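**Student:** So that we are looking at the same thing, I have put the structure below in structure tokens.
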Number of protein chains: 2
Amino acid sequence: MAKKTVVVLGVDGYLGWATALHLSQAGHDVVGIDSLVRRRWDRECGTQSLVPIKTMPQRVSLWNRLTGLTIRWRLMDLCDARAVTELVRDVQPDALIHFAEQRSAPFSMIDLEHAALTQINNLVGTLNLLFALRDYAPRAHLIKLGTMGEYGTPNIDIEEGFLTITHNGRQDRLPFPMQPGSFYHLSKLHDSHNIQFACRIWGLRATDLHQGVVYGNHTDEVAMHPGLATRFDYDAIWGTVLNRFCIQGALGLPLTVYGKGGQTRGFLDIRDTVACVRLALEHPAKQGEYRVFNQFTEQFSVKALAEKVRDARAAHGLKTNILHLPNPRVEREEHYYNAKHQKLLDLGLQPHYLGDTLIESVIETVERHASRVDPVELEQPNVDWRRGGTAGWGKPAESKSRAVVLMSPNPKPRRPAAVAPRVAQRR
Amino acid sequence: MAKKTVVVLGVDGYLGWATALHLSQAGHDVVGIDSLVRRRWDRECGTQSLVPIKTMPQRVSLWNRLTGLTIRWRLMDLCDARAVTELVRDVQPDALIHFAEQRSAPFSMIDLEHAALTQINNLVGTLNLLFALRDYAPRAHLIKLGTMGEYGTPNIDIEEGFLTITHNGRQDRLPFPMQPGSFYHLSKLHDSHNIQFACRIWGLRATDLHQGVVYGNHTDEVAMHPGLATRFDYDAIWGTVLNRFCIQGALGLPLTVYGKGGQTRGFLDIRDTVACVRLALEHPAKQGEYRVFNQFTEQFSVKALAEKVRDARAAHGLKTNILHLPNPRVEREEHYYNAKHQKLLDLGLQPHYLGDTLIESVIETVERHASRVDPVELEQPNVDWRRGGTAGWGKPAESKSRAVVLMSPNPKPRRPAAVAPRVAQRR
């Protein structure tokens with residue numbers, strides 16, 4: 001496989017960092033850029049990664065010491081059009097992996113300011129890229145992180161981006177009808193339409209990875225050294241559901257399911273995320289082509305996920321309660337869901353399916369960092385789709401500093417699971 | 001019909017002004033707001049309305065003198081969230097008619113700056129409105145001007161917003177798949193998705209008027225007095241195609257068709273625009289409903305429109321040439337097109353179909369204001385979909401000040417058609 005020059009946009013994030021390492025290890029020349037805004041949003045929201053993460057210079061330099069490989073790190077905001085243009089013109093990348101967006105649905109639903117910020121930030125960053133590609137690197141392959149959430153939950157099978165529709169005796173292959181469920185998911189859909197248009201009129205080429213919900217925190221590269229850790233979010237704003245369940249489980253807290261829990265989504269292991277991105281990179285879209293891959297490996301209902309975590313713990317004799325909370329989101333809680341995800345398999349993806357091993361490894365990670373858990377983040381969700389951010393979404397409320405209550409005795413603790421109130425860098 | 005309190009957003013525009021007068025005349029209490037940015041964009045682009053238009057205070061005061069009716073005029077930018085909130089809270093409107101967006105496809109294609117401006121301006125204005133409605137007027141009916149251009153030109157019949165799709169033995173009614181053709185059209189699609197989402201999660205109600213290309217410059221109210229004139233654009237950035245053809249015809253210039261001219265679109269008379277908006281207003285969407293009306297009355301190919309103008313002039317013994325220019329847009333020039341437009345007819349719309357009378361009345365308007373025509377605006381289009389704004393889109397180039405060349409003798413001039421070089425308020 002020929003070595004490619006690849007820009008990873010959003011390299012400081014959960015997936016951006018793991019992807020940069022994976023592509024670097026695979027022999028590609030990686031340029032990593034990030035504005036570090038996610039660390040600022042953490043301070044705003046009073047959240048933090050469960051696993052401590054080093055600064056970008058520290059991580060890049062450690063990677064170099066351990067492997068002899070270089071990731072070219074550049075601090076840059078994708079919303080700075082001039083900087084984006086210079087980046088594309090100077091680097092002349094073969095491909096760009098675009099993770100650099102505000103990626104939390106609850107964050108986008110806090111209030112008008114956060115909704116508008118999400119849509120402007122995401123759209124403008126992507127527009128900046130598209131124009132820079134048109135003018136300075138029209139043959140570069142844009143690999144964009146979209147989301148399965150663009151589709152919503154239609155009552156028909158979900159195809160990969162396009163659908164052949166027969167209507168009144170005529171037929172066309174058209175974009176799949178989309179029904180996103182938050183201002184964040186909408187921003188991804190807006191991006192998808194803008195990118196598709198740019199491919200059509202300017203002959204650019206792009207792969208839109210409609211990704212499912214990612215879980216796990218280890219890839220082969222991240223696992224090489226604790227200093228290479230990627231962030232791991234579990235709170236109600238940035239965390240994803242399985243990660244939250246594992247943390248709740250590790251702490252003996254009840255697993256909190258929103259509503260009935262029949263909400264079904266596509267999921268994948270972070271090891272498959274980095275593998276999928278590499279497959280897309282090494283099998284690029286054709287010039288002028290806009291293609292969509294549905295990037296997930298299995299679909300589960302939220303309730304089924306909670307039961308998996310409960311069962312994994314039960315195998316060790318640990319009892320876990322499942323608690324249904326009023327759903328802060330507006331979504332169908334029981335619905336048909338059958339989403340295709342064949343294209344990445346056809347390119348050679350070897351999925352890591354969700355099993356007890358994964359759940360146990362995440363639980364082990366949690367126990368190692370239990371002192372960093374803010375238990376309040378594991379209780380009620382703090383952003384409501386109808387009313388926006390509720391009390392305490394971003395403030396160091398008094399109530400947040402009380403200690404976690406262990407809900408079930410833990411007869412076989414692997415490590416001391418002492419959970420101290422966190423004194424974090426809140427506003 | 002009960003009197004409604006209606007906010008017309010974008011009241012200084014081509015359709016906003018005509019609509020405000022029509023609703024005021026129909027007995028509704030009209031609040032008109034505008035940032036006047038369109039007049040600023042005219043100065044930036046070196047364009048101007050063919051028909052001179054008065055200032056907002058002058059127009060509103062003249063309307064009051066002529067009819068005794070009051071339009072409450074308020075200078076305001078929809079991108080100012082605080083102002084929007086105060087407006088909605090203070091006025092407590094029954095409905096809002098939202099014309100207040102950047103509405104030119106070529107303007108959005110000039111360069112990155114104009115693409116981003118168009119999308120940010122349009123999305124943020126609409127988001128501001130949606131949140132203000134959620135918080136202060138959740139029962140108000142939002143009537144939003146969308147565009148038929150959101151659909152693009154699929155190879156199947158175009159329905160009104162939604163399509164029942166059968167796929168692999170299952171069925172759902174889903175948003176019609178969209179393929180917009182410019183960053184402007186994309187901004188309208190993004191709005192449509194945001195509005196649909198707000199109706200779903202907050203129970204707001206909205207009518208999205210997917211409007212065709214509007215022609216004509218007279219409504220009953222506008223025609224009452226020259227001081228009530230609404231703007232009339234004919235240039236390559238703001239003008240619509242039939243208006244441009246009428247002007248070219250009136251001046252004896254060739255009618256310039258982009259490409260083959262098989263591009264087919266929906267069209268309507270400005271008198272039908274104001275009637276449609278009134279029908280939507282007086283038959284509101286249900287609470288929580290997002291509905292789409294396709295707002296046009298006839299579909300024509302661009303070439304057929306040119307032939308209509310040519311034939312109307314031929315009836316007076318005037319010869320008109322039709323000139324095919326290289327298409328500055330990226331679009332199909334021959335395609336299937338069959339768009340439904342039944343819902344407004346079902347509500348009682350009485351269409352004004354395009355006929356010689358309309359063409360002649362527009363030509364007459366042109367002849368009356370011939371001295372204001374900038375002939376350069378009628379030649380080559382100055383924004384290209386592939387390369388952006390070409391020489392002179394916004395600059396007072398030397399070449400722009402030469403006089404128009406009359407391409408065909410005009411044996412029966414109704415009025416002197418002398419066309420002087422314009423000394424306009426260019427930058």
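Labels for the structure tokens follow display order: chains A, B, ..., residues from 1 in each chain, ligands from 1.
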Just the alpha helix (DSSP H) stuff from stretch 103-317 of chain A, please, per backbone DSSP, written as an MDAnalysis selection string.
**Tutor:** chainID A and resid 105:108 112:136 183:202 241:250 270:282 302:314
**Student:** Can you tell me, as a list of chain:residue names, what residues are no more than 8 Å from A:Pro106 when counting only C-alpha atoms, ignoring any on the same chain fewer than 5 positions away?
**Tutor:**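 What passes the distance filter is A:Ser182, A:Ala236, A:Ile237, A:Trp238, A:Val383, A:Asp384, A:Trp385.
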**Student:** Can you write just those residues out, N, CA, C and O atoms, as an mmCIF file, in the first residue's frame?
**Tutor:**
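Final file, again-v4.cif:
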```
data_model
loop_
_atom_site.group_PDB
_atom_site.id
_atom_site.type_symbol
_atom_site.label_atom_id
_atom_site.label_comp_id
_atom_site.auth_asym_id
_atom_site.auth_seq_id
_atom_site.Cartn_x
_atom_site.Cartn_y
_atom_site.Cartn_z
ATOM 1 N N SER A 182 -31.218 15.849 16.525
ATOM 2 C CA SER A 182 -30.748 16.947 17.377
ATOM 3 C C SER A 182 -30.105 17.996 16.469
ATOM 4 O O SER A 182 -29.833 17.721 15.294
ATOM 5 N N ALA A 236 -22.977 13.040 30.862
ATOM 6 C CA ALA A 236 -24.236 13.103 30.119
ATOM 7 C C ALA A 236 -24.134 13.953 28.856
ATOM 8 O O ALA A 236 -24.987 13.866 27.975
ATOM 9 N N ILE A 237 -23.097 14.769 28.748
ATOM 10 C CA ILE A 237 -22.971 15.601 27.548
ATOM 11 C C ILE A 237 -22.089 14.947 26.489
ATOM 12 O O ILE A 237 -22.438 14.885 25.323
ATOM 13 N N TRP A 238 -20.929 14.451 26.901
ATOM 14 C CA TRP A 238 -19.965 13.937 25.921
ATOM 15 C C TRP A 238 -19.905 12.415 25.876
ATOM 16 O O TRP A 238 -19.356 11.844 24.938
ATOM 17 N N VAL A 383 -29.355 17.758 30.113
ATOM 18 C CA VAL A 383 -29.868 18.508 28.963
ATOM 19 C C VAL A 383 -31.127 17.800 28.483
ATOM 20 O O VAL A 383 -31.120 16.593 28.256
ATOM 21 N N ASP A 384 -32.186 18.593 28.355
ATOM 22 C CA ASP A 384 -33.475 18.060 27.945
ATOM 23 C C ASP A 384 -33.818 18.606 26.554
ATOM 24 O O ASP A 384 -33.643 19.792 26.304
ATOM 25 N N TRP A 385 -34.271 17.727 25.667
ATOM 26 C CA TRP A 385 -34.548 18.132 24.281
ATOM 27 C C TRP A 385 -35.657 19.193 24.212
ATOM 28 O O TRP A 385 -35.683 20.005 23.302
#
```
**Student:** Residues of chain B within 7 Å of chain A: nearest atom pair and distance (Å, one decimal) for each, counting only C-alpha atoms, sorted by chain and number, as a tab-separated table?
**Tutor:**
```
residue	atom	partner	partner_atom	distance
B:Leu112	CA	A:Phe131	CA	6.3
B:Ala116	CA	A:Val124	CA	6.3
B:Ile120	CA	A:Ile120	CA	6.3
B:Val124	CA	A:Ala116	CA	6.3
B:Phe131	CA	A:Leu112	CA	6.4
B:Pro154	CA	A:Asp172	CA	6.8
B:Asn155	CA	A:Asp172	CA	5.5
B:Ile156	CA	A:Arg170	CA	5.4
B:His167	CA	A:Ile156	CA	6.2
B:Arg170	CA	A:Ile156	CA	5.4
B:Gln171	CA	A:Ile156	CA	6.0
B:Asp172	CA	A:Asn155	CA	5.5
B:Leu174	CA	A:Pro177	CA	6.2
B:Pro175	CA	A:Pro177	CA	5.6
B:Phe176	CA	A:Pro177	CA	6.3
B:Pro177	CA	A:Pro177	CA	5.1
B:Met178	CA	A:Pro175	CA	7.0
B:Leu186	CA	A:Asn194	CA	7.0
B:His190	CA	A:His190	CA	5.7
B:Asn194	CA	A:Leu186	CA	7.0
B:Ile201	CA	A:Val330	CA	5.9
B:Trp202	CA	A:Arg386	CA	6.0
B:Val330	CA	A:Ile201	CA	5.9
B:Arg386	CA	A:Trp202	CA	6.0
```
**Student:** Neighbours of B:Leu9 within 9 Å (only C-alpha atoms; same-chain residues fewer than 5 positions away dropped), as a count of residues only?
**Tutor:** 12
**Student:** So which residues touch B:Ile359 within 8 Å, counting only C-alpha atoms, skipping near sequence neighbours fewer than 6 positions away, as a PyMOL selection string?
**Tutor:** chain B and resi 246+309+312
**Student:** Go ahead and save the picked residues with C-alpha atoms, as a short mmCIF file (atom, residue, chain, number, x, y, z; two decimals), in the first residue's frame.
**Tutor:**
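See part34.cif below for the written result:
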```
data_model
loop_
_atom_site.label_atom_id
_atom_site.label_comp_id
_atom_site.auth_asym_id
_atom_site.auth_seq_id
_atom_site.Cartn_x
_atom_site.Cartn_y
_atom_site.Cartn_z
CA CYS B 246 -38.48 40.84 -20.59
CA VAL B 309 -41.14 36.47 -24.81
CA ALA B 312 -45.14 38.18 -27.50
#
```
